[in-house]
Amino acid sequence: MEWVIVLMLLGIIPAYVAMAKGRNFMVWWLYGTFLFVFAIFHAIVIRPVDENLHHYGRRYCPHCEKIIDLDATRCEFCEAEVPPVKKE
């Protein structure tokens, strides 16, 4: 019984990391509870959701896929011109 509680608590770690990137906490908590080793690695390497980036004033460069400022006209990493984003 103690192992079940430990696994449920460990599942919170990948769920919290994924939630910070805009993913569903409960889905990731279940994933982390049953497959913690895979879930923690997966949660670390997944990309943030685009809507989550826009909330913080960031976006992906369409050329190199690095995270840049929302109002940038040139990527700071690959130096490519990027189209402006319509602000909502």
# chains A, B, ... in the order shown; residues from 1 in each chain; ligands from 1

$ select_by_dssp --residues "stretch 19-50 of chain A" --states "alpha helix (DSSP H)" --output "list in words"
Met19, Ala20, Phe25, Met26, Val27, Trp28, Trp29, Leu30, Tyr31, Gly32, Thr33, Phe34, Phe36, Val37, Phe38, Ala39, Ile40, Phe41, His42, Ala43, Ile44, Val45 and Asp50 of chain A

$ residues_around --residues "A:Ile40" --least-positions-apart "5" --cutoff "10 Å" --atoms "only C-alpha atoms" --output "list in words"
Leu10, Gly11, Ile12, Ile13, Pro14, Ala15, Tyr16, Val17, Ala18, Trp28, Tyr31, Gly32, Leu35 and Val45 of chain A

$ atom_distance --atom1 "atom CA of A:Met8" --atom2 "atom CA of A:Pro48"
24.1 Å

$ residues_around --residues "stretch 64-71 of chain A" --least-positions-apart "2" --cutoff "12 Å" --atoms "only C-alpha atoms" --output "ChimeraX atom specification"
/A:47-62,73-88

$ write_last_selection --atoms "C-alpha atoms" --output "CSV table (one decimal), in the first residue's frame"
chain,number,residue,atom,x,y,z
A,47,ARG,CA,7.5,21.9,-26.2
A,48,PRO,CA,5.2,24.4,-24.5
A,49,VAL,CA,1.8,24.9,-26.0
A,50,ASP,CA,1.7,28.0,-28.4
A,51,GLU,CA,-1.1,29.6,-26.5
A,52,ASN,CA,0.9,29.3,-23.3
A,53,LEU,CA,3.9,31.1,-25.0
A,54,HIS,CA,1.7,33.9,-26.3
A,55,HIS,CA,0.5,34.5,-22.8
A,56,TYR,CA,4.1,35.3,-21.8
A,57,GLY,CA,4.8,37.3,-24.9
A,58,ARG,CA,6.9,34.7,-26.7
A,59,ARG,CA,6.6,32.5,-29.8
A,60,TYR,CA,8.5,30.0,-31.9
A,61,CYS,CA,10.7,31.2,-34.8
A,62,PRO,CA,9.3,29.6,-38.0
A,73,THR,CA,11.0,41.0,-36.5
A,74,ARG,CA,14.3,39.2,-36.6
A,75,CYS,CA,15.2,35.9,-34.8
A,76,GLU,CA,18.0,36.4,-32.3
A,77,PHE,CA,19.3,32.9,-33.0
A,78,CYS,CA,19.2,32.3,-36.7
A,79,GLU,CA,19.0,36.0,-37.8
A,80,ALA,CA,16.1,35.2,-40.1
A,81,GLU,CA,13.4,37.8,-40.7
A,82,VAL,CA,10.2,36.6,-39.0
A,83,PRO,CA,6.6,37.8,-39.9
A,84,PRO,CA,4.8,39.9,-37.4
A,85,VAL,CA,2.1,38.3,-35.2
A,86,LYS,CA,-1.4,39.7,-35.1
A,87,LYS,CA,-2.1,40.8,-31.5
A,88,GLU,CA,-5.4,39.8,-30.2

$ select_by_dssp --residues "chain A" --states "strand (DSSP E)" --output "PyMOL selection string"
chain A and resi 58-60+67-69

$ write_last_selection --atoms "all heavy atoms" --output "PDB file, in the first residue's frame"
ATOM      1  N   ARG A  58       5.867  35.392 -25.919  1.00  0.00           N
ATOM      2  CA  ARG A  58       6.891  34.663 -26.655  1.00  0.00           C
ATOM      3  C   ARG A  58       6.232  33.875 -27.788  1.00  0.00           C
ATOM      4  O   ARG A  58       5.007  33.706 -27.819  1.00  0.00           O
ATOM      5  CB  ARG A  58       7.643  33.691 -25.735  1.00  0.00           C
ATOM      6  CG  ARG A  58       8.152  34.295 -24.446  1.00  0.00           C
ATOM      7  CD  ARG A  58       9.306  35.198 -24.611  1.00  0.00           C
ATOM      8  NE  ARG A  58      10.504  34.379 -24.705  1.00  0.00           N
ATOM      9  CZ  ARG A  58      11.660  34.826 -25.110  1.00  0.00           C
ATOM     10  NH1 ARG A  58      11.787  36.077 -25.438  1.00  0.00           N
ATOM     11  NH2 ARG A  58      12.703  34.050 -25.182  1.00  0.00           N
ATOM     12  N   ARG A  59       7.042  33.390 -28.721  1.00  0.00           N
ATOM     13  CA  ARG A  59       6.573  32.536 -29.810  1.00  0.00           C
ATOM     14  C   ARG A  59       7.750  31.755 -30.372  1.00  0.00           C
ATOM     15  O   ARG A  59       8.904  31.997 -30.026  1.00  0.00           O
ATOM     16  CB  ARG A  59       5.918  33.357 -30.910  1.00  0.00           C
ATOM     17  CG  ARG A  59       6.909  34.262 -31.632  1.00  0.00           C
ATOM     18  CD  ARG A  59       6.240  34.985 -32.760  1.00  0.00           C
ATOM     19  NE  ARG A  59       7.100  36.039 -33.279  1.00  0.00           N
ATOM     20  CZ  ARG A  59       7.038  36.489 -34.502  1.00  0.00           C
ATOM     21  NH1 ARG A  59       6.146  36.006 -35.331  1.00  0.00           N
ATOM     22  NH2 ARG A  59       7.843  37.446 -34.899  1.00  0.00           N
ATOM     23  N   TYR A  60       7.463  30.809 -31.270  1.00  0.00           N
ATOM     24  CA  TYR A  60       8.511  30.034 -31.913  1.00  0.00           C
ATOM     25  C   TYR A  60       8.940  30.712 -33.207  1.00  0.00           C
ATOM     26  O   TYR A  60       8.112  31.234 -33.955  1.00  0.00           O
ATOM     27  CB  TYR A  60       8.031  28.626 -32.249  1.00  0.00           C
ATOM     28  CG  TYR A  60       7.890  27.733 -31.052  1.00  0.00           C
ATOM     29  CD1 TYR A  60       6.641  27.372 -30.572  1.00  0.00           C
ATOM     30  CD2 TYR A  60       9.009  27.250 -30.387  1.00  0.00           C
ATOM     31  CE1 TYR A  60       6.513  26.559 -29.467  1.00  0.00           C
ATOM     32  CE2 TYR A  60       8.895  26.442 -29.287  1.00  0.00           C
ATOM     33  CZ  TYR A  60       7.647  26.096 -28.833  1.00  0.00           C
ATOM     34  OH  TYR A  60       7.524  25.293 -27.738  1.00  0.00           O
ATOM     35  N   ILE A  67      12.576  29.743 -29.191  1.00  0.00           N
ATOM     36  CA  ILE A  67      11.595  30.654 -28.608  1.00  0.00           C
ATOM     37  C   ILE A  67      12.132  32.087 -28.666  1.00  0.00           C
ATOM     38  O   ILE A  67      13.241  32.354 -28.208  1.00  0.00           O
ATOM     39  CB  ILE A  67      11.271  30.251 -27.167  1.00  0.00           C
ATOM     40  CG1 ILE A  67      10.646  28.858 -27.151  1.00  0.00           C
ATOM     41  CG2 ILE A  67      10.341  31.263 -26.517  1.00  0.00           C
ATOM     42  CD1 ILE A  67      10.407  28.311 -25.764  1.00  0.00           C
ATOM     43  N   ILE A  68      11.331  32.980 -29.271  1.00  0.00           N
ATOM     44  CA  ILE A  68      11.724  34.385 -29.423  1.00  0.00           C
ATOM     45  C   ILE A  68      10.603  35.272 -28.880  1.00  0.00           C
ATOM     46  O   ILE A  68       9.515  34.798 -28.557  1.00  0.00           O
ATOM     47  CB  ILE A  68      12.018  34.734 -30.897  1.00  0.00           C
ATOM     48  CG1 ILE A  68      10.797  34.490 -31.780  1.00  0.00           C
ATOM     49  CG2 ILE A  68      13.221  33.955 -31.405  1.00  0.00           C
ATOM     50  CD1 ILE A  68      10.947  34.961 -33.206  1.00  0.00           C
ATOM     51  N   ASP A  69      10.852  36.579 -28.798  1.00  0.00           N
ATOM     52  CA  ASP A  69       9.834  37.534 -28.364  1.00  0.00           C
ATOM     53  C   ASP A  69       8.689  37.582 -29.366  1.00  0.00           C
ATOM     54  O   ASP A  69       8.884  37.398 -30.565  1.00  0.00           O
ATOM     55  CB  ASP A  69      10.430  38.932 -28.217  1.00  0.00           C
ATOM     56  CG  ASP A  69      11.320  39.057 -27.004  1.00  0.00           C
ATOM     57  OD1 ASP A  69      11.076  38.342 -26.025  1.00  0.00           O
ATOM     58  OD2 ASP A  69      12.254  39.867 -27.051  1.00  0.00           O
TER      59      ASP A  69
END
